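Trainee: Sending over coords_6.pdb (PDB, C-alpha atoms).
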ATOM      1  CA  MET A   1      96.693 124.795 109.874  1.00  0.00           C
ATOM      2  CA  GLN A   2     100.352 125.666 110.211  1.00  0.00           C
ATOM      3  CA  ASN A   3     102.712 123.449 108.215  1.00  0.00           C
ATOM      4  CA  ASN A   4     106.205 123.183 109.724  1.00  0.00           C
ATOM      5  CA  PHE A   5     107.441 120.927 106.887  1.00  0.00           C
ATOM      6  CA  PRO A   6     106.447 122.773 103.685  1.00  0.00           C
ATOM      7  CA  ASN A   7     109.100 121.079 101.544  1.00  0.00           C
ATOM      8  CA  GLU A   8     108.025 117.506 102.285  1.00  0.00           C
ATOM      9  CA  GLY A   9     105.257 115.513 100.641  1.00  0.00           C
ATOM     10  CA  MET A  10     103.846 116.104  97.197  1.00  0.00           C
ATOM     11  CA  SER A  11     103.330 119.258  95.141  1.00  0.00           C
ATOM     12  CA  VAL A  12     101.176 122.272  95.997  1.00  0.00           C
ATOM     13  CA  ILE A  13      98.420 121.040  93.642  1.00  0.00           C
ATOM     14  CA  VAL A  14      98.131 117.719  95.472  1.00  0.00           C
ATOM     15  CA  LYS A  15      98.170 119.417  98.882  1.00  0.00           C
ATOM     16  CA  THR A  16      95.393 121.854  97.910  1.00  0.00           C
ATOM     17  CA  ILE A  17      93.172 119.129  96.457  1.00  0.00           C
ATOM     18  CA  THR A  18      93.823 116.955  99.520  1.00  0.00           C
ATOM     19  CA  ARG A  19      92.348 119.673 101.725  1.00  0.00           C
ATOM     20  CA  PHE A  20      89.044 119.280  99.833  1.00  0.00           C
ATOM     21  CA  THR A  21      88.971 115.508  99.408  1.00  0.00           C
ATOM     22  CA  VAL A  22      90.186 114.204 102.743  1.00  0.00           C
ATOM     23  CA  TRP A  23      87.034 115.000 104.694  1.00  0.00           C
ATOM     24  CA  LEU A  24      84.847 113.691 101.825  1.00  0.00           C
ATOM     25  CA  ILE A  25      86.625 110.331 102.102  1.00  0.00           C
ATOM     26  CA  PHE A  26      86.264 110.419 105.896  1.00  0.00           C
ATOM     27  CA  LEU A  27      82.524 111.184 105.751  1.00  0.00           C
ATOM     28  CA  TYR A  28      81.979 108.497 103.111  1.00  0.00           C
ATOM     29  CA  GLY A  29      83.582 105.986 105.473  1.00  0.00           C
ATOM     30  CA  LEU A  30      81.287 107.095 108.297  1.00  0.00           C
ATOM     31  CA  TYR A  31      78.269 106.785 105.949  1.00  0.00           C
ATOM     32  CA  ILE A  32      79.269 103.196 105.069  1.00  0.00           C
ATOM     33  CA  VAL A  33      79.551 102.390 108.787  1.00  0.00           C
ATOM     34  CA  ILE A  34      76.234 103.962 109.833  1.00  0.00           C
ATOM     35  CA  HIS A  35      74.312 102.258 106.996  1.00  0.00           C
ATOM     36  CA  GLY A  36      76.205  98.985 107.459  1.00  0.00           C
ATOM     37  CA  HIS A  37      73.139  96.982 108.517  1.00  0.00           C
ATOM     38  CA  LEU A  38      71.036  98.179 105.551  1.00  0.00           C
ATOM     39  CA  SER A  39      73.335  98.242 102.549  1.00  0.00           C
ATOM     40  CA  PRO A  40      76.591  96.578 101.460  1.00  0.00           C
ATOM     41  CA  GLY A  41      79.506  97.567 103.636  1.00  0.00           C
ATOM     42  CA  GLY A  42      79.772  97.682 107.393  1.00  0.00           C
ATOM     43  CA  GLY A  43      82.306  98.181 110.117  1.00  0.00           C
ATOM     44  CA  PHE A  44      85.294  96.700 108.345  1.00  0.00           C
ATOM     45  CA  ALA A  45      84.785  98.354 104.952  1.00  0.00           C
ATOM     46  CA  GLY A  46      83.955 101.735 106.503  1.00  0.00           C
ATOM     47  CA  GLY A  47      86.909 101.483 108.875  1.00  0.00           C
ATOM     48  CA  VAL A  48      89.249 100.844 105.968  1.00  0.00           C
ATOM     49  CA  ILE A  49      87.911 103.942 104.173  1.00  0.00           C
ATOM     50  CA  VAL A  50      88.347 106.050 107.344  1.00  0.00           C
ATOM     51  CA  ALA A  51      91.937 104.793 107.645  1.00  0.00           C
ATOM     52  CA  LEU A  52      92.527 105.584 103.965  1.00  0.00           C
ATOM     53  CA  SER A  53      91.639 109.225 104.611  1.00  0.00           C
ATOM     54  CA  TYR A  54      94.494 109.372 107.157  1.00  0.00           C
ATOM     55  CA  VAL A  55      96.802 107.578 104.699  1.00  0.00           C
ATOM     56  CA  HIS A  56      95.802 110.134 102.039  1.00  0.00           C
ATOM     57  CA  LEU A  57      96.839 112.957 104.369  1.00  0.00           C
ATOM     58  CA  THR A  58     100.147 111.260 105.187  1.00  0.00           C
ATOM     59  CA  LEU A  59     100.984 110.678 101.525  1.00  0.00           C
ATOM     60  CA  ALA A  60     100.161 114.227 100.467  1.00  0.00           C
ATOM     61  CA  TYR A  61     101.789 116.173 103.318  1.00  0.00           C
ATOM     62  CA  GLY A  62     104.691 113.898 104.273  1.00  0.00           C
ATOM     63  CA  LYS A  63     105.063 111.799 107.402  1.00  0.00           C
ATOM     64  CA  ASN A  64     106.514 114.468 109.708  1.00  0.00           C
ATOM     65  CA  PHE A  65     103.445 116.698 109.255  1.00  0.00           C
ATOM     66  CA  VAL A  66     101.225 113.894 110.554  1.00  0.00           C
ATOM     67  CA  MET A  67     103.634 112.544 113.165  1.00  0.00           C
ATOM     68  CA  GLU A  68     103.784 115.795 115.116  1.00  0.00           C
ATOM     69  CA  ARG A  69      99.972 115.869 115.309  1.00  0.00           C
ATOM     70  CA  VAL A  70      98.942 112.307 116.172  1.00  0.00           C
ATOM     71  CA  ASN A  71      99.687 110.591 119.460  1.00  0.00           C
ATOM     72  CA  LYS A  72     100.894 107.025 118.977  1.00  0.00           C
ATOM     73  CA  PHE A  73      99.989 105.967 122.509  1.00  0.00           C
ATOM     74  CA  ALA A  74      96.468 107.377 122.143  1.00  0.00           C
ATOM     75  CA  MET A  75      95.923 105.552 118.852  1.00  0.00           C
ATOM     76  CA  ASN A  76      97.092 102.256 120.368  1.00  0.00           C
ATOM     77  CA  SER A  77      94.818 102.834 123.379  1.00  0.00           C
ATOM     78  CA  ILE A  78      91.766 103.664 121.255  1.00  0.00           C
ATOM     79  CA  GLU A  79      92.266 100.500 119.214  1.00  0.00           C
ATOM     80  CA  ALA A  80      92.561  98.365 122.356  1.00  0.00           C
ATOM     81  CA  ILE A  81      89.532 100.024 123.988  1.00  0.00           C
ATOM     82  CA  ALA A  82      87.425  99.293 120.872  1.00  0.00           C
ATOM     83  CA  ALA A  83      88.430  95.614 121.062  1.00  0.00           C
ATOM     84  CA  ILE A  84      87.489  95.507 124.764  1.00  0.00           C
ATOM     85  CA  LEU A  85      84.113  97.114 123.966  1.00  0.00           C
ATOM     86  CA  ILE A  86      83.378  94.418 121.343  1.00  0.00           C
ATOM     87  CA  VAL A  87      84.088  91.697 123.923  1.00  0.00           C
ATOM     88  CA  LEU A  88      81.970  93.535 126.525  1.00  0.00           C
ATOM     89  CA  THR A  89      79.053  93.642 124.059  1.00  0.00           C
ATOM     90  CA  GLY A  90      79.375  89.887 123.689  1.00  0.00           C
ATOM     91  CA  LEU A  91      79.452  89.417 127.454  1.00  0.00           C
ATOM     92  CA  VAL A  92      76.326  91.566 127.900  1.00  0.00           C
ATOM     93  CA  GLY A  93      74.592  89.305 125.364  1.00  0.00           C
ATOM     94  CA  LEU A  94      75.805  86.289 127.343  1.00  0.00           C
ATOM     95  CA  TYR A  95      74.405  87.775 130.561  1.00  0.00           C
ATOM     96  CA  VAL A  96      71.028  88.816 129.119  1.00  0.00           C
ATOM     97  CA  THR A  97      70.144  85.924 126.799  1.00  0.00           C
ATOM     98  CA  GLY A  98      72.557  83.117 127.659  1.00  0.00           C
ATOM     99  CA  TYR A  99      74.512  83.135 124.378  1.00  0.00           C
ATOM    100  CA  PHE A 100      77.764  84.964 123.636  1.00  0.00           C
ATOM    101  CA  LEU A 101      77.259  87.925 121.220  1.00  0.00           C
ATOM    102  CA  ALA A 102      73.484  87.365 121.164  1.00  0.00           C
ATOM    103  CA  ASN A 103      71.312  90.301 120.096  1.00  0.00           C
ATOM    104  CA  PHE A 104      70.025  91.689 123.387  1.00  0.00           C
ATOM    105  CA  MET A 105      68.232  94.753 121.976  1.00  0.00           C
ATOM    106  CA  GLY A 106      64.993  94.901 120.015  1.00  0.00           C
ATOM    107  CA  ILE A 107      65.437  94.542 116.263  1.00  0.00           C
ATOM    108  CA  GLY A 108      62.954  97.307 115.461  1.00  0.00           C
ATOM    109  CA  LYS A 109      61.425  97.934 112.033  1.00  0.00           C
ATOM    110  CA  LEU A 110      63.084  96.439 108.975  1.00  0.00           C
ATOM    111  CA  TYR A 111      65.044  98.792 106.669  1.00  0.00           C
ATOM    112  CA  THR A 112      65.035 101.791 109.016  1.00  0.00           C
ATOM    113  CA  LEU A 113      68.217 103.489 110.176  1.00  0.00           C
ATOM    114  CA  ILE A 114      67.751 102.650 113.864  1.00  0.00           C
ATOM    115  CA  SER A 115      67.049  98.940 113.719  1.00  0.00           C
ATOM    116  CA  ALA A 116      68.816  95.565 113.905  1.00  0.00           C
ATOM    117  CA  GLY A 117      69.523  95.900 117.641  1.00  0.00           C
ATOM    118  CA  TYR A 118      73.191  96.043 118.549  1.00  0.00           C
ATOM    119  CA  ILE A 119      74.566  95.633 115.003  1.00  0.00           C
ATOM    120  CA  PRO A 120      75.045  99.413 114.315  1.00  0.00           C
ATOM    121  CA  MET A 121      76.826  99.720 117.686  1.00  0.00           C
ATOM    122  CA  LEU A 122      79.132  96.808 116.864  1.00  0.00           C
ATOM    123  CA  ASN A 123      79.754  98.315 113.418  1.00  0.00           C
ATOM    124  CA  ILE A 124      80.967 101.535 115.041  1.00  0.00           C
ATOM    125  CA  PHE A 125      83.294  99.647 117.418  1.00  0.00           C
ATOM    126  CA  ILE A 126      84.688  97.599 114.514  1.00  0.00           C
ATOM    127  CA  CYS A 127      85.152 100.815 112.488  1.00  0.00           C
ATOM    128  CA  VAL A 128      87.272 102.356 115.266  1.00  0.00           C
ATOM    129  CA  LYS A 129      89.258  99.144 115.712  1.00  0.00           C
ATOM    130  CA  VAL A 130      89.910  98.575 111.999  1.00  0.00           C
ATOM    131  CA  GLY A 131      90.531 102.228 111.194  1.00  0.00           C
ATOM    132  CA  MET A 132      93.050 102.744 113.975  1.00  0.00           C
ATOM    133  CA  GLY A 133      94.693  99.345 113.369  1.00  0.00           C
ATOM    134  CA  LEU A 134      95.115  99.846 109.651  1.00  0.00           C
ATOM    135  CA  TYR A 135      96.430 103.375 110.065  1.00  0.00           C
ATOM    136  CA  LEU A 136      98.888 102.190 112.738  1.00  0.00           C
ATOM    137  CA  VAL A 137     100.205  99.564 110.277  1.00  0.00           C
ATOM    138  CA  PHE A 138     100.783 102.317 107.732  1.00  0.00           C
ATOM    139  CA  TYR A 139     102.223 104.624 110.417  1.00  0.00           C
ATOM    140  CA  TYR A 140     104.805 102.077 111.582  1.00  0.00           C
ATOM    141  CA  LEU A 141     105.749 101.210 107.981  1.00  0.00           C
ATOM    142  CA  ALA A 142     106.135 104.911 107.172  1.00  0.00           C
ATOM    143  CA  SER A 143     108.294 105.570 110.227  1.00  0.00           C
ATOM    144  CA  PHE A 144     111.031 103.180 109.078  1.00  0.00           C
ATOM    145  CA  LYS A 145     114.273 105.011 108.383  1.00  0.00           C
ATOM    146  CA  PRO A 146     116.344 103.708 105.435  1.00  0.00           C
ATOM    147  CA  GLN A 147     119.699 104.377 107.086  1.00  0.00           C
ATOM    148  CA  GLU A 148     119.223 102.197 110.177  1.00  0.00           C
ATOM    149  CA  GLY A 149     120.174  98.626 109.353  1.00  0.00           C
TER     150      GLY A 149
ATOM    151  CA  MET B   1      80.243  82.860  82.078  1.00  0.00           C
ATOM    152  CA  ILE B   2      82.278  85.527  80.274  1.00  0.00           C
ATOM    153  CA  LEU B   3      82.718  87.327  83.601  1.00  0.00           C
ATOM    154  CA  TYR B   4      84.285  84.247  85.208  1.00  0.00           C
ATOM    155  CA  ILE B   5      86.705  83.934  82.286  1.00  0.00           C
ATOM    156  CA  MET B   6      87.611  87.615  82.664  1.00  0.00           C
ATOM    157  CA  CYS B   7      88.339  86.929  86.357  1.00  0.00           C
ATOM    158  CA  PHE B   8      90.726  84.179  85.286  1.00  0.00           C
ATOM    159  CA  PHE B   9      92.456  86.601  82.892  1.00  0.00           C
ATOM    160  CA  LEU B  10      92.822  89.093  85.734  1.00  0.00           C
ATOM    161  CA  PHE B  11      94.443  86.309  87.758  1.00  0.00           C
ATOM    162  CA  LEU B  12      96.807  85.661  84.837  1.00  0.00           C
ATOM    163  CA  VAL B  13      97.734  89.365  84.816  1.00  0.00           C
ATOM    164  CA  GLY B  14      98.797  88.982  88.443  1.00  0.00           C
ATOM    165  CA  VAL B  15     100.798  85.816  87.684  1.00  0.00           C
ATOM    166  CA  TYR B  16     102.509  87.554  84.758  1.00  0.00           C
ATOM    167  CA  GLY B  17     103.505  90.472  86.953  1.00  0.00           C
ATOM    168  CA  ALA B  18     104.742  88.244  89.772  1.00  0.00           C
ATOM    169  CA  ILE B  19     107.009  86.125  87.553  1.00  0.00           C
ATOM    170  CA  THR B  20     108.366  88.704  85.102  1.00  0.00           C
ATOM    171  CA  LYS B  21     108.911  91.917  87.094  1.00  0.00           C
ATOM    172  CA  ARG B  22     112.138  92.540  88.993  1.00  0.00           C
ATOM    173  CA  ASP B  23     110.931  95.284  91.352  1.00  0.00           C
ATOM    174  CA  LEU B  24     109.777  94.029  94.755  1.00  0.00           C
ATOM    175  CA  ILE B  25     106.986  96.627  94.992  1.00  0.00           C
ATOM    176  CA  LYS B  26     105.634  95.555  91.597  1.00  0.00           C
ATOM    177  CA  ILE B  27     105.694  91.911  92.728  1.00  0.00           C
ATOM    178  CA  ILE B  28     103.692  92.839  95.858  1.00  0.00           C
ATOM    179  CA  LEU B  29     101.140  94.682  93.690  1.00  0.00           C
ATOM    180  CA  ALA B  30     100.902  91.680  91.335  1.00  0.00           C
ATOM    181  CA  ILE B  31     100.240  89.303  94.234  1.00  0.00           C
ATOM    182  CA  GLY B  32      97.529  91.736  95.381  1.00  0.00           C
ATOM    183  CA  ILE B  33      95.924  91.614  91.908  1.00  0.00           C
ATOM    184  CA  MET B  34      95.881  87.798  92.070  1.00  0.00           C
ATOM    185  CA  GLY B  35      94.073  87.906  95.407  1.00  0.00           C
ATOM    186  CA  TYR B  36      91.570  90.510  94.206  1.00  0.00           C
ATOM    187  CA  SER B  37      90.685  88.423  91.133  1.00  0.00           C
ATOM    188  CA  VAL B  38      89.896  85.416  93.350  1.00  0.00           C
ATOM    189  CA  ASN B  39      87.758  87.609  95.628  1.00  0.00           C
ATOM    190  CA  LEU B  40      85.932  89.054  92.600  1.00  0.00           C
ATOM    191  CA  PHE B  41      85.250  85.534  91.313  1.00  0.00           C
ATOM    192  CA  LEU B  42      83.749  84.426  94.640  1.00  0.00           C
ATOM    193  CA  VAL B  43      81.544  87.522  94.887  1.00  0.00           C
ATOM    194  CA  LEU B  44      80.374  87.097  91.282  1.00  0.00           C
ATOM    195  CA  LEU B  45      79.364  83.496  92.042  1.00  0.00           C
ATOM    196  CA  ALA B  46      76.973  84.769  94.715  1.00  0.00           C
ATOM    197  CA  TYR B  47      75.551  87.632  92.623  1.00  0.00           C
ATOM    198  CA  ARG B  48      71.924  87.569  91.494  1.00  0.00           C
ATOM    199  CA  THR B  49      70.392  90.192  89.233  1.00  0.00           C
ATOM    200  CA  GLY B  50      67.953  92.477  91.027  1.00  0.00           C
ATOM    201  CA  ALA B  51      68.440  90.863  94.425  1.00  0.00           C
ATOM    202  CA  LEU B  52      68.545  92.639  97.764  1.00  0.00           C
ATOM    203  CA  ALA B  53      71.091  92.641 100.556  1.00  0.00           C
ATOM    204  CA  PRO B  54      70.635  89.552 102.739  1.00  0.00           C
ATOM    205  CA  ILE B  55      68.534  90.843 105.652  1.00  0.00           C
ATOM    206  CA  LEU B  56      66.422  87.977 106.982  1.00  0.00           C
ATOM    207  CA  LYS B  57      63.067  88.184 108.763  1.00  0.00           C
ATOM    208  CA  LYS B  58      60.128  85.827 109.207  1.00  0.00           C
ATOM    209  CA  GLY B  59      57.425  86.173 106.550  1.00  0.00           C
ATOM    210  CA  PHE B  60      59.630  88.298 104.315  1.00  0.00           C
ATOM    211  CA  ASN B  61      60.330  86.471 101.051  1.00  0.00           C
ATOM    212  CA  VAL B  62      62.381  88.363  98.449  1.00  0.00           C
ATOM    213  CA  THR B  63      65.316  87.382  96.246  1.00  0.00           C
ATOM    214  CA  MET B  64      68.571  87.841  98.132  1.00  0.00           C
ATOM    215  CA  VAL B  65      72.199  87.454  97.222  1.00  0.00           C
ATOM    216  CA  ASP B  66      74.036  84.576  98.887  1.00  0.00           C
ATOM    217  CA  PRO B  67      75.668  85.924 102.071  1.00  0.00           C
ATOM    218  CA  ILE B  68      78.141  83.042 102.622  1.00  0.00           C
ATOM    219  CA  PRO B  69      80.664  84.000  99.870  1.00  0.00           C
ATOM    220  CA  GLN B  70      80.489  87.609 101.066  1.00  0.00           C
ATOM    221  CA  ALA B  71      81.477  86.625 104.606  1.00  0.00           C
ATOM    222  CA  LEU B  72      84.202  84.364 103.191  1.00  0.00           C
ATOM    223  CA  VAL B  73      85.555  87.145 100.984  1.00  0.00           C
ATOM    224  CA  LEU B  74      85.569  89.572 103.922  1.00  0.00           C
ATOM    225  CA  THR B  75      87.794  87.159 105.864  1.00  0.00           C
ATOM    226  CA  SER B  76      89.933  86.695 102.773  1.00  0.00           C
ATOM    227  CA  ILE B  77      90.372  90.466 102.396  1.00  0.00           C
ATOM    228  CA  VAL B  78      91.502  90.781 106.023  1.00  0.00           C
ATOM    229  CA  ILE B  79      94.086  88.016 105.585  1.00  0.00           C
ATOM    230  CA  GLU B  80      95.251  89.581 102.324  1.00  0.00           C
ATOM    231  CA  LEU B  81      95.688  92.918 104.127  1.00  0.00           C
ATOM    232  CA  GLY B  82      97.894  91.259 106.730  1.00  0.00           C
ATOM    233  CA  VAL B  83      99.940  89.453 104.084  1.00  0.00           C
ATOM    234  CA  THR B  84     100.424  92.672 102.114  1.00  0.00           C
ATOM    235  CA  ALA B  85     101.544  94.561 105.236  1.00  0.00           C
ATOM    236  CA  LEU B  86     104.001  91.749 106.055  1.00  0.00           C
ATOM    237  CA  MET B  87     105.399  91.782 102.513  1.00  0.00           C
ATOM    238  CA  ALA B  88     105.785  95.567 102.591  1.00  0.00           C
ATOM    239  CA  ALA B  89     107.626  95.358 105.933  1.00  0.00           C
ATOM    240  CA  LEU B  90     109.968  92.690 104.546  1.00  0.00           C
ATOM    241  CA  ALA B  91     110.589  94.792 101.431  1.00  0.00           C
ATOM    242  CA  ILE B  92     111.494  97.792 103.611  1.00  0.00           C
ATOM    243  CA  ARG B  93     113.952  95.685 105.635  1.00  0.00           C
ATOM    244  CA  ILE B  94     115.496  94.364 102.399  1.00  0.00           C
ATOM    245  CA  TYR B  95     115.839  97.939 101.165  1.00  0.00           C
ATOM    246  CA  GLN B  96     117.666  98.846 104.393  1.00  0.00           C
ATOM    247  CA  LYS B  97     120.157  95.991 103.861  1.00  0.00           C
ATOM    248  CA  TYR B  98     120.713  96.198 100.095  1.00  0.00           C
ATOM    249  CA  ASP B  99     119.678  99.769  99.090  1.00  0.00           C
ATOM    250  CA  THR B 100     117.676  98.378  96.181  1.00  0.00           C
ATOM    251  CA  PHE B 101     114.336  96.751  95.320  1.00  0.00           C
ATOM    252  CA  ASP B 102     115.781  94.878  92.307  1.00  0.00           C
ATOM    253  CA  ILE B 103     115.591  91.143  93.050  1.00  0.00           C
ATOM    254  CA  THR B 104     118.469  90.305  90.707  1.00  0.00           C
ATOM    255  CA  LYS B 105     120.817  92.360  92.921  1.00  0.00           C
ATOM    256  CA  ILE B 106     119.618  90.846  96.211  1.00  0.00           C
ATOM    257  CA  ARG B 107     121.836  87.738  96.226  1.00  0.00           C
ATOM    258  CA  ARG B 108     124.348  88.102  98.999  1.00  0.00           C
ATOM    259  CA  LEU B 109     123.819  84.495 100.103  1.00  0.00           C
ATOM    260  CA  GLN B 110     124.780  83.208  96.643  1.00  0.00           C
ATOM    261  CA  GLY B 111     128.301  84.564  97.044  1.00  0.00           C
TER     262      GLY B 111
END
Please lay out the structure from this file as structure tokens.

Mentor:
Amino acid sequence: MQNNFPNEGMSVIVKTITRFTVWLIFLYGLYIVIHGHLSPGGGFAGGVIVALSYVHLTLAYGKNFVMERVNKFAMNSIEAIAAILIVLTGLVGLYVTGYFLANFMGIGKLYTLISAGYIPMLNIFICVKVGMGLYLVFYYLASFKPQEG
Amino acid sequence: MILYIMCFFLFLVGVYGAITKRDLIKIILAIGIMGYSVNLFLVLLAYRTGALAPILKKGFNVTMVDPIPQALVLTSIVIELGVTALMAALAIRIYQKYDTFDITKIRRLQG
């Protein structure tokens, strides 16, 4: 990956180690999300870890390196679409069973990966929502400029 | 019992940092430590040795941890995240106005 801002961010040691650790943090977040209905964790905790991998990248490489790669409008849109999908899941439950956010899929076998009905799906939506939202908070805080009063 | 007392000491660490430090960032971190100690206390209240995650099903009787404090702490963590982000934003605005994080130098209203 070409770096147009080699003098920003932290030292070469931190940048090299970040290249190895950032995807480990990202995959750990996805693991927490996918196993959210079986073990401690879930959509929120996994989403925070996914957002922390982006924060890790921003801290190590400087904000300009990240800002020329991510699209602010796309991140806002993805967060909003995830929120709409959560509400739509609730409305489907309302249509099928008569209660808002009711479990409309079969719960399957206990303690298997594909079980608990719609809970893994909701976990993934919440992961996208929380991850994008938390990273956008960090992004807007990082894009403050000290000179502008 | 000793764990609950250690939680209280962790809370006192946060109080000490919040009332003695002059740097705004350190004060924000100290307030975060206070919140984390309260969350840790609530989770420890619900903990049971050798218990499973609370997944309920009919005819399935095992020892489970209490899920209510976990849900409460999750809400508490979300609120704490929002409060921390708000405090960081305010600290950045103060830095734009005063060029410092030292709270003894931020006193323009005092004249």

Trainee: Any chance you could work out the residue set of the PyMOL selection byres ((chain A) within 10 of (chain B)) here, as a PyMOL selection string?

Mentor: chain A and resi 37-40+44-45+110-111+116+130+134+137-138+140-142+144-149

Trainee: Hey, could you pull the box centre and edge lengths for range 102-110 of chain B, axis-aligned, 6 Å padding per side, all listed atoms, to one decimal in Å, as lines of an AutoDock Vina configuration file?

Mentor:
center_x = 120.2
center_y = 89.0
center_z = 95.4
size_x = 21.2
size_y = 23.7
size_z = 21.4

Trainee: Run the PyMOL selection byres ((chain A and resi 79) around 8) against the file shown and list the residues it catches, as a PyMOL selection string.

Mentor: chain A and resi 75-78+80-83+128-130+132-133

Trainee: I need the output of the PyMOL selection byres ((chain B and resi 30-47) around 10) for this file as an MDAnalysis selection string; which residues are they?

Mentor: chainID B and resid 3:19 21 24:29 48:51 64:74 76:77 80:81 83:84
